[in-house]
Structure formats: structure tokens, C-alpha cells
file run_8.csv (CSV, C-alpha atoms)
chain,number,residue,atom,x,y,z
N,1,MET,CA,-111.3,31.7,38.5
N,2,THR,CA,-107.8,30.8,37.2
N,3,THR,CA,-107.1,27.2,36.3
N,4,THR,CA,-103.4,26.2,36.5
N,5,ARG,CA,-101.7,23.0,35.5
N,6,THR,CA,-98.1,21.8,35.4
N,7,THR,CA,-97.4,18.9,33.1
N,8,ARG,CA,-94.4,17.3,31.6
N,9,ARG,CA,-93.6,18.5,28.1
N,10,ARG,CA,-94.9,16.0,25.5
N,11,ALA,CA,-93.5,17.4,22.3
N,12,THR,CA,-91.1,19.9,21.0
N,13,GLY,CA,-92.4,22.5,18.6
N,14,ARG,CA,-92.8,26.2,18.1
N,15,THR,CA,-95.8,26.3,15.9
N,16,THR,CA,-98.0,23.8,14.3
N,17,GLY,CA,-99.0,23.0,10.7
N,18,ALA,CA,-100.4,20.4,8.4
N,19,ALA,CA,-97.7,18.0,9.6
N,20,LEU,CA,-98.2,18.6,13.3
N,21,GLY,CA,-96.5,15.4,14.4
N,22,ALA,CA,-93.3,16.2,12.5
N,23,LEU,CA,-93.2,19.8,13.7
N,24,GLY,CA,-93.9,18.7,17.2
N,25,ALA,CA,-90.9,16.5,17.2
N,26,THR,CA,-88.5,19.4,16.4
N,27,LEU,CA,-89.3,22.5,18.5
N,28,ALA,CA,-90.5,23.6,21.9
N,29,LEU,CA,-91.1,26.6,24.1
N,30,ALA,CA,-91.5,25.3,27.6
N,31,ALA,CA,-89.5,26.1,30.7
N,32,CYS,CA,-88.9,25.8,34.4
N,33,SER,CA,-89.7,28.5,36.8
N,34,LEU,CA,-87.0,31.0,37.5
N,35,SER,CA,-87.6,30.4,41.2
N,36,SER,CA,-88.0,26.6,41.0
N,37,PRO,CA,-85.4,23.9,41.1
N,38,SER,CA,-83.3,23.8,37.9
N,39,PRO,CA,-84.4,21.4,35.2
N,40,SER,CA,-82.1,18.5,34.1
N,41,VAL,CA,-79.9,19.6,31.3
N,42,THR,CA,-80.0,17.5,28.2
N,43,THR,CA,-77.1,17.3,25.7
N,44,GLU,CA,-77.2,16.6,22.1
N,45,THR,CA,-74.1,16.1,20.0
N,46,THR,CA,-74.6,16.9,16.3
N,47,ASP,CA,-73.6,14.3,13.7
N,48,THR,CA,-71.1,16.4,11.8
N,49,PRO,CA,-68.9,15.2,9.0
N,50,GLY,CA,-65.2,15.2,9.3
N,51,SER,CA,-63.5,14.9,12.7
N,52,THR,CA,-60.3,16.5,11.5
N,53,ALA,CA,-59.1,19.9,10.3
N,54,THR,CA,-55.7,21.1,9.1
N,55,ASP,CA,-53.2,23.0,11.2
N,56,GLY,CA,-52.3,25.4,8.4
N,57,THR,CA,-49.6,23.1,7.0
N,58,GLY,CA,-51.9,20.5,5.6
N,59,THR,CA,-51.3,18.2,8.5
N,60,ALA,CA,-54.5,16.6,9.9
N,61,ALA,CA,-55.3,17.8,13.4
N,62,PRO,CA,-58.3,17.2,15.7
N,63,ALA,CA,-61.3,19.5,14.9
N,64,SER,CA,-62.1,22.0,17.6
N,65,SER,CA,-65.5,22.1,19.1
N,66,ILE,CA,-67.9,24.5,20.8
N,67,THR,CA,-70.9,23.9,23.1
N,68,LEU,CA,-74.0,25.9,22.2
N,69,VAL,CA,-76.3,26.6,25.1
N,70,THR,CA,-79.8,27.2,23.8
N,71,HIS,CA,-83.5,26.8,24.5
N,72,ASP,CA,-85.3,23.6,23.5
N,73,SER,CA,-86.9,25.1,20.5
N,74,PHE,CA,-83.6,25.7,18.7
N,75,ASN,CA,-83.5,24.0,15.3
N,76,VAL,CA,-81.4,24.2,12.2
N,77,SER,CA,-81.2,22.1,9.1
N,78,GLN,CA,-78.5,19.5,9.4
N,79,ASP,CA,-76.9,20.5,6.1
N,80,VAL,CA,-76.6,24.1,7.2
N,81,LEU,CA,-75.0,23.1,10.5
N,82,ASP,CA,-72.7,20.7,8.6
N,83,ALA,CA,-71.6,23.5,6.4
N,84,PHE,CA,-70.4,25.4,9.4
N,85,THR,CA,-68.3,22.5,10.5
N,86,ALA,CA,-67.0,21.9,7.0
N,87,GLU,CA,-66.0,25.6,6.7
N,88,THR,CA,-64.5,26.0,10.2
N,89,GLY,CA,-63.5,22.6,11.4
N,90,ILE,CA,-65.6,23.3,14.5
N,91,SER,CA,-68.1,20.7,15.7
N,92,VAL,CA,-71.1,21.7,17.7
N,93,THR,CA,-72.6,20.2,20.9
N,94,MET,CA,-75.9,21.5,22.1
N,95,VAL,CA,-77.2,21.9,25.7
N,96,ALA,CA,-80.8,22.9,26.1
N,97,PRO,CA,-82.0,23.5,29.7
N,98,GLY,CA,-85.5,24.6,28.7
N,99,ASP,CA,-87.4,27.7,27.6
N,100,GLY,CA,-86.0,31.3,27.5
N,101,GLY,CA,-86.6,31.8,31.2
N,102,ALA,CA,-84.9,28.6,32.2
N,103,LEU,CA,-82.1,29.3,29.8
N,104,VAL,CA,-81.3,32.6,31.4
N,105,ASN,CA,-81.7,31.1,34.9
N,106,GLN,CA,-79.1,28.4,34.1
N,107,LEU,CA,-76.7,31.0,32.6
N,108,VAL,CA,-76.8,33.0,35.8
N,109,LEU,CA,-76.5,30.1,38.1
N,110,THR,CA,-73.5,28.6,36.2
N,111,LYS,CA,-71.7,31.8,35.3
N,112,ASP,CA,-68.7,30.8,37.5
N,113,SER,CA,-68.6,27.5,35.7
N,114,PRO,CA,-70.1,28.1,32.3
N,115,LEU,CA,-72.2,25.4,30.6
N,116,GLY,CA,-70.7,26.2,27.2
N,117,ASP,CA,-69.2,28.7,24.8
N,118,VAL,CA,-72.0,30.4,23.0
N,119,VAL,CA,-75.7,31.0,23.8
N,120,PHE,CA,-78.7,31.4,21.5
N,121,GLY,CA,-82.2,32.1,22.5
N,122,VAL,CA,-82.0,34.8,25.2
N,123,ASP,CA,-84.9,37.1,24.4
N,124,ASN,CA,-85.6,40.8,25.0
N,125,THR,CA,-87.8,40.2,28.0
N,126,PHE,CA,-85.0,38.3,29.9
N,127,ALA,CA,-81.9,39.7,28.3
N,128,THR,CA,-81.1,42.5,30.7
N,129,ARG,CA,-81.1,40.1,33.6
N,130,ALA,CA,-78.3,38.1,32.0
N,131,ILE,CA,-76.4,41.2,30.9
N,132,ASP,CA,-76.5,42.7,34.4
N,133,GLU,CA,-75.2,39.4,35.9
N,134,GLY,CA,-72.1,39.6,33.6
N,135,VAL,CA,-72.9,36.4,31.8
N,136,PHE,CA,-71.6,37.5,28.4
N,137,GLU,CA,-68.4,39.0,27.1
N,138,PRO,CA,-68.6,41.9,24.6
N,139,TYR,CA,-68.8,41.0,20.9
N,140,THR,CA,-70.3,42.8,17.9
N,141,SER,CA,-70.2,40.8,14.7
N,142,ALA,CA,-69.0,42.5,11.5
N,143,ALA,CA,-71.7,40.4,9.8
N,144,LEU,CA,-74.6,42.2,11.5
N,145,PRO,CA,-77.0,43.4,8.8
N,146,ALA,CA,-78.3,47.0,9.0
N,147,SER,CA,-81.8,45.8,9.5
N,148,ALA,CA,-80.8,44.2,12.8
N,149,GLU,CA,-79.2,47.3,14.3
N,150,GLN,CA,-82.6,48.5,15.7
N,151,TYR,CA,-82.6,45.4,18.0
N,152,LEU,CA,-79.2,45.9,19.6
N,153,LEU,CA,-78.9,45.9,23.4
N,154,GLY,CA,-75.5,47.2,24.0
N,155,ASP,CA,-72.4,45.2,22.8
N,156,ALA,CA,-73.0,41.9,24.6
N,157,LEU,CA,-75.8,40.3,22.5
N,158,THR,CA,-76.3,39.9,18.8
N,159,PRO,CA,-79.9,39.8,17.5
N,160,ILE,CA,-80.6,36.7,15.3
N,161,ASP,CA,-84.4,36.5,14.8
N,162,PHE,CA,-87.6,38.0,15.9
N,163,SER,CA,-91.4,37.3,15.9
N,164,ASP,CA,-94.6,38.7,17.4
N,165,VAL,CA,-95.9,36.8,20.4
N,166,CYS,CA,-99.7,36.9,20.0
N,167,LEU,CA,-102.8,35.1,21.0
N,168,ASN,CA,-104.0,32.7,18.3
N,169,VAL,CA,-107.5,31.4,17.7
N,170,ASP,CA,-108.8,28.1,16.2
N,171,LEU,CA,-110.9,29.3,13.3
N,172,ASP,CA,-112.4,25.8,12.8
N,173,TRP,CA,-113.6,25.6,16.4
N,174,TYR,CA,-115.4,28.9,16.1
N,175,GLU,CA,-117.0,28.0,12.8
N,176,GLU,CA,-118.2,24.6,14.2
N,177,ASN,CA,-119.6,26.3,17.3
N,178,GLY,CA,-121.3,29.1,15.5
N,179,GLN,CA,-119.3,31.8,17.4
N,180,THR,CA,-117.4,34.8,16.2
N,181,PRO,CA,-113.7,34.6,17.3
N,182,PRO,CA,-112.4,37.3,19.7
N,183,ALA,CA,-110.2,39.9,18.2
N,184,THR,CA,-108.8,42.0,21.0
N,185,PHE,CA,-107.6,41.8,24.6
N,186,ASP,CA,-111.0,43.3,25.7
N,187,ASP,CA,-112.9,40.5,23.9
N,188,LEU,CA,-111.2,37.8,25.9
N,189,VAL,CA,-112.7,38.9,29.2
N,190,LEU,CA,-116.3,38.9,27.8
N,191,PRO,CA,-118.6,36.3,29.3
N,192,GLU,CA,-119.2,34.6,25.9
N,193,TYR,CA,-115.4,33.7,25.8
N,194,ALA,CA,-115.2,32.3,29.3
N,195,GLY,CA,-113.0,29.2,29.7
N,196,GLN,CA,-111.6,29.5,26.1
N,197,THR,CA,-108.1,30.9,26.7
N,198,VAL,CA,-104.9,29.1,27.6
N,199,VAL,CA,-101.7,31.1,28.3
N,200,THR,CA,-98.3,30.4,29.8
N,201,ASN,CA,-96.8,31.5,33.2
N,202,PRO,CA,-94.5,34.5,32.8
N,203,ALA,CA,-92.3,33.1,35.5
N,204,THR,CA,-91.7,29.9,33.5
N,205,SER,CA,-92.1,30.9,29.8
N,206,SER,CA,-90.6,33.7,27.8
N,207,PRO,CA,-93.8,34.0,25.6
N,208,GLY,CA,-95.7,34.3,28.9
N,209,LEU,CA,-93.6,37.2,30.0
N,210,ALA,CA,-94.0,38.7,26.5
N,211,LEU,CA,-97.8,38.5,27.0
N,212,LEU,CA,-97.5,40.1,30.4
N,213,ALA,CA,-95.4,42.9,28.9
N,214,ALA,CA,-98.0,43.4,26.1
N,215,THR,CA,-100.7,43.9,28.7
N,216,VAL,CA,-98.5,46.4,30.5
N,217,GLY,CA,-98.2,48.3,27.2
N,218,ALA,CA,-101.9,48.0,26.5
N,219,PHE,CA,-103.4,48.8,30.0
N,220,GLY,CA,-100.6,50.7,31.7
N,221,GLU,CA,-98.8,50.2,35.0
N,222,ALA,CA,-100.6,49.0,38.2
N,223,THR,CA,-100.8,51.4,41.1
N,224,SER,CA,-98.4,51.2,44.0
N,225,ASP,CA,-100.9,49.1,46.0
N,226,GLY,CA,-101.0,46.5,43.2
N,227,THR,CA,-104.4,47.5,41.6
N,228,GLY,CA,-105.6,48.9,38.3
N,229,GLY,CA,-103.7,48.9,35.0
N,230,TRP,CA,-102.5,45.6,33.6
N,231,ILE,CA,-103.2,43.6,36.8
N,232,GLU,CA,-106.8,44.6,36.7
N,233,TYR,CA,-107.0,43.2,33.2
N,234,TRP,CA,-105.4,39.9,34.4
N,235,GLU,CA,-107.9,39.7,37.2
N,236,LYS,CA,-110.7,39.9,34.6
N,237,LEU,CA,-109.0,37.1,32.7
N,238,ARG,CA,-108.8,35.1,35.9
N,239,ASP,CA,-112.5,35.6,36.6
N,240,ASN,CA,-113.2,34.5,33.0
N,241,ASP,CA,-111.5,31.1,33.7
N,242,VAL,CA,-108.2,31.5,31.9
N,243,LEU,CA,-106.0,28.4,32.0
N,244,VAL,CA,-102.3,29.0,33.0
N,245,VAL,CA,-99.7,26.3,32.2
N,246,ASP,CA,-95.9,26.3,32.5
N,247,GLY,CA,-94.8,26.0,28.9
N,248,TRP,CA,-95.7,26.8,25.3
N,249,SER,CA,-95.8,23.2,24.0
N,250,ASP,CA,-98.3,22.1,26.7
N,251,ALA,CA,-100.5,25.1,25.9
N,252,TYR,CA,-100.4,24.5,22.2
N,253,TYR,CA,-100.3,20.8,21.8
N,254,VAL,CA,-102.2,19.7,24.9
N,255,ASP,CA,-104.8,22.4,25.7
N,256,PHE,CA,-105.4,24.3,22.4
N,257,SER,CA,-108.2,22.9,20.3
N,258,GLY,CA,-106.2,23.7,17.1
N,259,GLY,CA,-103.0,22.0,18.2
N,260,GLY,CA,-103.6,18.6,16.8
N,261,GLY,CA,-104.5,16.9,20.1
N,262,ASP,CA,-107.5,16.7,22.3
N,263,GLY,CA,-107.4,20.3,23.5
N,264,THR,CA,-110.7,22.1,24.2
N,265,ARG,CA,-109.6,25.7,24.4
N,266,PRO,CA,-109.7,27.7,21.1
N,267,VAL,CA,-107.5,30.6,22.2
N,268,VAL,CA,-103.8,30.0,22.9
N,269,LEU,CA,-100.7,32.1,23.4
N,270,SER,CA,-98.4,31.5,20.4
N,271,TYR,CA,-96.9,33.6,17.5
N,272,ALA,CA,-98.0,35.6,14.6
N,273,SER,CA,-95.9,33.2,12.5
N,274,SER,CA,-97.8,30.1,13.7
N,275,PRO,CA,-100.8,30.2,11.3
N,276,PRO,CA,-98.9,29.3,8.1
N,277,PHE,CA,-98.1,25.9,9.6
N,278,THR,CA,-101.9,25.2,9.9
N,279,VAL,CA,-102.7,25.6,6.2
N,280,GLY,CA,-104.8,22.8,5.0
N,281,ASP,CA,-105.3,21.2,1.6
N,282,ASP,CA,-107.7,23.9,0.6
N,283,GLY,CA,-104.9,26.5,0.9
N,284,THR,CA,-106.4,28.3,4.0
N,285,ALA,CA,-105.0,28.5,7.5
N,286,ARG,CA,-107.0,26.8,10.3
N,287,THR,CA,-105.7,29.4,12.9
N,288,ALA,CA,-105.2,33.1,13.0
N,289,ALA,CA,-103.1,35.4,15.1
N,290,LEU,CA,-104.8,38.3,16.9
N,291,LEU,CA,-102.5,41.1,15.8
N,292,ASP,CA,-103.9,43.6,18.4
N,293,THR,CA,-102.5,41.4,21.2
N,294,CYS,CA,-98.8,41.2,20.0
N,295,PHE,CA,-95.5,41.9,21.7
N,296,ARG,CA,-92.4,41.8,19.5
N,297,GLN,CA,-89.9,39.2,20.8
N,298,VAL,CA,-86.3,39.3,19.7
N,299,GLU,CA,-83.8,36.4,20.2
N,300,TYR,CA,-80.1,37.0,20.7
N,301,ALA,CA,-76.8,35.1,20.6
N,302,GLY,CA,-73.8,35.9,22.8
N,303,VAL,CA,-70.4,34.7,23.8
N,304,ILE,CA,-70.5,33.3,27.3
N,305,ALA,CA,-67.9,34.9,29.7
N,306,GLY,CA,-65.3,32.3,30.6
N,307,ALA,CA,-65.9,30.2,27.5
N,308,ALA,CA,-63.4,27.6,26.7
N,309,ASN,CA,-63.5,28.5,23.0
N,310,PRO,CA,-64.5,32.1,22.7
N,311,GLU,CA,-63.1,32.3,19.1
N,312,GLY,CA,-65.3,29.4,18.1
N,313,ALA,CA,-68.2,31.1,19.8
N,314,ARG,CA,-67.7,34.3,17.8
N,315,ALA,CA,-67.4,32.3,14.6
N,316,PHE,CA,-70.7,30.6,15.3
N,317,ILE,CA,-72.4,34.0,15.9
N,318,ASP,CA,-71.1,35.2,12.6
N,319,PHE,CA,-72.4,32.0,11.0
N,320,MET,CA,-75.9,32.6,12.5
N,321,LEU,CA,-75.9,35.9,10.6
N,322,SER,CA,-74.9,34.3,7.3
N,323,PRO,CA,-77.4,34.2,4.4
N,324,GLU,CA,-77.5,30.4,4.7
N,325,PHE,CA,-78.5,30.3,8.4
N,326,GLN,CA,-80.8,33.3,8.2
N,327,ALA,CA,-82.7,31.8,5.2
N,328,ASP,CA,-83.1,28.6,7.3
N,329,VAL,CA,-84.7,30.4,10.2
N,330,PRO,CA,-88.3,30.7,9.0
N,331,GLY,CA,-88.7,27.1,8.0
N,332,GLN,CA,-86.9,25.6,11.1
N,333,MET,CA,-87.8,27.9,13.9
N,334,TYR,CA,-90.8,29.7,12.4
N,335,VAL,CA,-89.6,33.2,13.2
N,336,TYR,CA,-88.4,36.1,11.1
N,337,PRO,CA,-84.7,36.4,10.3
N,338,VAL,CA,-83.2,39.8,11.4
N,339,ASP,CA,-81.7,40.1,7.9
N,340,SER,CA,-84.5,41.8,6.0
N,341,SER,CA,-83.0,40.8,2.6
N,342,VAL,CA,-83.8,37.1,3.2
N,343,GLU,CA,-86.7,35.8,1.1
N,344,LEU,CA,-89.5,34.6,3.3
N,345,PRO,CA,-91.8,31.6,2.6
N,346,ALA,CA,-94.5,32.5,0.1
N,347,ASP,CA,-97.4,32.0,2.4
N,348,TRP,CA,-96.0,34.2,5.2
N,349,ALA,CA,-97.2,37.4,3.5
N,350,ARG,CA,-100.8,36.0,3.6
N,351,PHE,CA,-100.9,34.1,6.9
N,352,ALA,CA,-98.0,35.4,9.0
N,353,PRO,CA,-98.0,39.2,8.8
N,354,LEU,CA,-96.3,41.1,11.6
N,355,ALA,CA,-98.4,43.2,13.8
N,356,PRO,CA,-98.5,46.7,12.4
N,357,SER,CA,-98.4,48.2,15.9
N,358,PRO,CA,-97.2,45.7,18.5
N,359,TRP,CA,-97.4,46.7,22.1
N,360,THR,CA,-94.1,47.9,23.3
N,361,VAL,CA,-92.4,48.4,26.7
N,362,PRO,CA,-88.9,50.0,26.9
N,363,ALA,CA,-86.2,47.5,27.8
N,364,GLU,CA,-85.2,49.5,30.8
N,365,ASP,CA,-88.7,49.3,32.2
N,366,ILE,CA,-88.7,45.5,31.8
N,367,ALA,CA,-85.4,45.4,33.5
N,368,ALA,CA,-86.5,47.5,36.4
N,369,HIS,CA,-89.9,45.9,37.0
N,370,ARG,CA,-89.8,42.3,35.6
N,371,SER,CA,-89.5,40.7,39.0
N,372,ASP,CA,-92.1,42.8,40.6
N,373,TRP,CA,-94.5,42.2,37.7
N,374,ILE,CA,-94.1,38.5,37.9
N,375,ASP,CA,-94.5,38.5,41.7
N,376,LEU,CA,-97.7,40.6,41.5
N,377,TRP,CA,-99.1,38.5,38.6
N,378,ALA,CA,-98.5,35.3,40.6
N,379,SER,CA,-100.1,36.7,43.8
N,380,LYS,CA,-103.2,37.6,41.9
N,381,LEU,CA,-103.5,34.8,39.4
N,382,LEU,CA,-102.1,31.8,41.3
N,383,GLY,CA,-102.9,32.9,44.8
call {"tool": "encode", "arguments": {"input": "run_8.csv", "output": "C-alpha cells"}}
result
Amino acid sequence: MTTTRTTRRRATGRTTGAALGALGATLALAACSLSSPSPSVTTETTDTPGSTATDGTGTAAPASSITLVTHDSFNVSQDVLDAFTAETGISVTMVAPGDGGALVNQLVLTKDSPLGDVVFGVDNTFATRAIDEGVFEPYTSAALPASAEQYLLGDALTPIDFSDVCLNVDLDWYEENGQTPPATFDDLVLPEYAGQTVVTNPATSSPGLALLAATVGAFGEATSDGTGGWIEYWEKLRDNDVLVVDGWSDAYYVDFSGGGGDGTRPVVLSYASSPPFTVGDDGTARTAALLDTCFRQVEYAGVIAGAANPEGARAFIDFMLSPEFQADVPGQMYVYPVDSSVELPADWARFAPLAPSPWTVPAEDIAAHRSDWIDLWASKLLG
């Protein structure tokens, strides 16, 4: 059977750690369905120093501003954001309609009346939809590091960060229950792991779509009649009582036994970079990522077509590639910066290694089949 539940997001957060409450107050990966009514849009105006800039003659003039449209897990240290305003005279207002899926949905629905100037958080599973809809204007930043070139998708989006979406396990739960944790996709459908896994809906969550893509890579395409391949695997998960929820924060903080709440399921869809934030006083992580289940997720920024301040949008993209912003990414959003020269937190080498061979699906295949995959998944998993 498949258990499904839709609940209101309780907290924001991308990963967890020793200070779960603090982390849960800063990030989220939850979303509205691409086919459901649009979520309410929330706006946050940053507290930035200095409301004036100079006009080139030394005369004070009102500072310009940009609106950043992003997902609700975007986070940056205030001093880093303040530095952007101090250097450019541009203040930043943030609008966050939800997870990556909801973000792209809103960009498409509002393309004739844009929500803002610049977007961050469109990922490689949803990017082609927004590109094909003409949401962005071309821009390639001169600040793009060589290590990021491998992630380019044409000239409309700039890669900013990446991480591996993977299933995570609660090591403490398995120790307390005298059971060996699963390690692979195939393990999760064994009877001894029944009722232990919580994942997110690929129609409502970009990590959920990344997991679906990983299973396409691992098990191959379904046949024309909707059987075999990846969908056969998901049917086995369904029969093993997988729980499906709409958003990452619900899965991690509500249902996952290692999420700091009252969750009962010791397997959750999260990130390879999540375990470092569960390190306890003894110096060991309480969770681990299953590196054989990973799909590499890349997040992009872009200038929104029809932006009121496209120059400011381009400046902000350049800023997101700066050493200061890139160095802030691991600690604030718990993902890898695209600039490989940035020094990572010391415990990432031990507790957040990237998958040596993540499952891959060509971007053109995702673009061609994404809607069909989601529809087939929903028909089999949700009924």
C-alpha cells in the first residue's frame, strides 16, 4: 500500500543537525503541486543598511532595488547580503512561493507580469520547462568559474550550487531496534523494511522529482503500456508501505525518526549533505546518506524576462558567484558551491561525501518525459 498525507509546512530547513530547531527555522524544501492551485506568495524585505546611493557626482540618490524570486529554502548570511547592498546600492526583496516545483509553476504562470527581477532555485529537473516557456532572458556571467561550466544549460541560467539528493537513514533508530540499515534501492522493497520509508511527491517537490529521475536511471524506462522499469520498482515500494508527502520539511521534520520530532520512519528522502548537521557531542553523525540512491541536483539563477531592473538582476547573479557568497552556501543552504576552489566545512569530507556515481538522466530526456513520468507515477502510487 501507499500512504499519502498532505500537511501544512511546520518549519523551514534543508537538513538537520545538532541544533535542529535553529536550522528548522531557516530553510525548507516543500511545495505546491504543479497542477494544484497556486500557493500564497510571501514577501520578505531584507534589513539592509543604507537607503541611499550616489548618482556619480557624490549627490545622494535613492538606492535601487531588485526582487529575488526564490524557493523557501533560500538563505544567506545577513552580513553577506548587506555587503551586496553596500557595494551596489541595491536592496533586495525576496518572494518565495514554495519549493522548486512551485517556483517554476509561478514563474510560468506570471511570465506576462513577472513576480520579480531575478530568480534563484530552479533546479535541473524543472529548468527546461521554464526555459521552454521563455521565462528568462539570456545572461552568462563573466564571474562563472570553470568548475561550473559542466552544469550549464544553454545561456539562460547560471549554476550556483549543487548537491546529491539521496535517501538518508537514522542510524540511531537501527541500532536501537537491532536492525541493519538498508543500503540500496533494492533493500528498501524487502519485507524487513516495510513501512520505514518516507519520500516526497515528484509533482510537488523537486527532491521528489530527483528521486523519480534516479529510479529511471537505475531501473530504466517503463514500457509503452506503463509497466516494467522504474514504475515496477515504485509499485514494489508502494506495496512495502512507502509514505508519500508533499514537501521535504514535512518528510524530514514530521515523519523521519531522525528529524528531531516524533517521526517513526527511519528512511527519508533528503541530501548527501544532510548528515553533517546531525553530528552529536561524540563527533559522529546520527544519520547517513545512501550514496547508491543519489541523483545530482543543480540549482540555477536567472534574469527574469520583463524584469523591471535587469541590470540589478545581473549584478545579483554575479554576486552569487562571488567568493563571499559561494563560501556562505555550505553553512546556510547545506549544498556544495559550484566554485570548486571554495573551502568546505571540515566535517563534510567525512560525513557529506558526494556520490561517486550518482544516477543520471539526460536533461533532454527529463524535458521530454517529465510530465508523463509524473502522471504515470501518480496513477500507480496515488490511485
call {"tool": "atom_distance", "arguments": {"input": "run_8.csv", "atom1": "CA of Leu188 (chain N)", "atom2": "CA of Thr125 (chain N)"}}
result
23.6 Å
call {"tool": "atom_distance", "arguments": {"input": "run_8.csv", "atom1": "CA of Pro275 (chain N)", "atom2": "CA of Gln326 (chain N)"}}
result
20.5 Å
call {"tool": "closest_atom_pairs", "arguments": {"input": "run_8.csv", "of": "region 236-329 of chain N", "to": "region 190-200 of chain N", "cutoff": "12 Å", "atoms": "only C-alpha atoms", "output": "JSON lines"}}
result
{"residue": "N:Lys236", "atom": "CA", "partner": "N:Leu190", "partner_atom": "CA", "distance": 8.9}
{"residue": "N:Leu237", "atom": "CA", "partner": "N:Ala194", "partner_atom": "CA", "distance": 8.5}
{"residue": "N:Arg238", "atom": "CA", "partner": "N:Gly195", "partner_atom": "CA", "distance": 9.5}
{"residue": "N:Asp239", "atom": "CA", "partner": "N:Ala194", "partner_atom": "CA", "distance": 8.5}
{"residue": "N:Asn240", "atom": "CA", "partner": "N:Ala194", "partner_atom": "CA", "distance": 4.7}
{"residue": "N:Asp241", "atom": "CA", "partner": "N:Gly195", "partner_atom": "CA", "distance": 4.7}
{"residue": "N:Val242", "atom": "CA", "partner": "N:Thr197", "partner_atom": "CA", "distance": 5.2}
{"residue": "N:Leu243", "atom": "CA", "partner": "N:Val198", "partner_atom": "CA", "distance": 4.6}
{"residue": "N:Val244", "atom": "CA", "partner": "N:Val199", "partner_atom": "CA", "distance": 5.2}
{"residue": "N:Val245", "atom": "CA", "partner": "N:Thr200", "partner_atom": "CA", "distance": 5.0}
{"residue": "N:Asp246", "atom": "CA", "partner": "N:Thr200", "partner_atom": "CA", "distance": 5.5}
{"residue": "N:Gly247", "atom": "CA", "partner": "N:Thr200", "partner_atom": "CA", "distance": 5.7}
{"residue": "N:Trp248", "atom": "CA", "partner": "N:Thr200", "partner_atom": "CA", "distance": 6.3}
{"residue": "N:Ser249", "atom": "CA", "partner": "N:Thr200", "partner_atom": "CA", "distance": 9.6}
{"residue": "N:Asp250", "atom": "CA", "partner": "N:Thr200", "partner_atom": "CA", "distance": 8.9}
{"residue": "N:Ala251", "atom": "CA", "partner": "N:Val198", "partner_atom": "CA", "distance": 6.2}
{"residue": "N:Tyr252", "atom": "CA", "partner": "N:Val198", "partner_atom": "CA", "distance": 8.4}
{"residue": "N:Tyr253", "atom": "CA", "partner": "N:Val198", "partner_atom": "CA", "distance": 11.1}
{"residue": "N:Val254", "atom": "CA", "partner": "N:Val198", "partner_atom": "CA", "distance": 10.1}
{"residue": "N:Asp255", "atom": "CA", "partner": "N:Val198", "partner_atom": "CA", "distance": 7.0}
{"residue": "N:Phe256", "atom": "CA", "partner": "N:Val198", "partner_atom": "CA", "distance": 7.1}
{"residue": "N:Ser257", "atom": "CA", "partner": "N:Gln196", "partner_atom": "CA", "distance": 9.4}
{"residue": "N:Gly258", "atom": "CA", "partner": "N:Val198", "partner_atom": "CA", "distance": 11.9}
{"residue": "N:Gly259", "atom": "CA", "partner": "N:Val198", "partner_atom": "CA", "distance": 11.9}
{"residue": "N:Gly263", "atom": "CA", "partner": "N:Val198", "partner_atom": "CA", "distance": 10.0}
{"residue": "N:Thr264", "atom": "CA", "partner": "N:Gln196", "partner_atom": "CA", "distance": 7.7}
{"residue": "N:Arg265", "atom": "CA", "partner": "N:Gln196", "partner_atom": "CA", "distance": 4.6}
{"residue": "N:Pro266", "atom": "CA", "partner": "N:Gln196", "partner_atom": "CA", "distance": 5.6}
{"residue": "N:Val267", "atom": "CA", "partner": "N:Thr197", "partner_atom": "CA", "distance": 4.5}
{"residue": "N:Val268", "atom": "CA", "partner": "N:Val198", "partner_atom": "CA", "distance": 4.9}
{"residue": "N:Leu269", "atom": "CA", "partner": "N:Val199", "partner_atom": "CA", "distance": 5.1}
{"residue": "N:Ser270", "atom": "CA", "partner": "N:Val199", "partner_atom": "CA", "distance": 8.6}
call {"tool": "closest_residue", "arguments": {"input": "run_8.csv", "among": "N:Leu382, N:Ile366, N:Ala307, N:Cys166", "to": "Thr2 (chain N)", "atoms": "only C-alpha atoms"}}
result
N:Leu382
call {"tool": "closest_residue", "arguments": {"input": "run_8.csv", "among": "N:Ala183, N:Val298, N:Ala272, N:Ala203", "to": "Pro337 (chain N)", "atoms": "all atoms listed in the file"}}
result
N:Val298
call {"tool": "residues_around", "arguments": {"input": "run_8.csv", "residues": "Gly229 (chain N)", "least_positions_apart": "4", "cutoff": "8 Å", "atoms": "all atoms listed in the file", "output": "ChimeraX atom specification"}}
result
/N:216,219-223,233
call {"tool": "residues_around", "arguments": {"input": "run_8.csv", "residues": "Asn309 (chain N)", "least_positions_apart": "3", "cutoff": "12 Å", "atoms": "only C-alpha atoms", "output": "list in words"}}
result
Ser64, Ser65, Ile66, Thr67, Leu68, Ile90, Ser91, Val92, Pro114, Leu115, Gly116, Asp117, Val118, Val303, Ile304, Ala305, Gly306, Gly312, Ala313, Arg314, Ala315 and Phe316 of chain N
call {"tool": "residues_near_point", "arguments": {"input": "run_8.csv", "point": "(-89.9, 46.0, 35.5)", "cutoff": "12 Å", "atoms": "all atoms listed in the file", "output": "list in words"}}
result
Thr125, Phe126, Thr128, Arg129, Leu209, Leu212, Ala213, Val216, Gly217, Glu221, Ala222, Val361, Pro362, Ala363, Glu364, Asp365, Ile366, Ala367, Ala368, His369, Arg370, Ser371, Asp372, Trp373, Ile374, Asp375 and Leu376 of chain N
call {"tool": "atom_distance", "arguments": {"input": "run_8.csv", "atom1": "CA of Ala327 (chain N)", "atom2": "CA of Val342 (chain N)"}}
result
5.8 Å
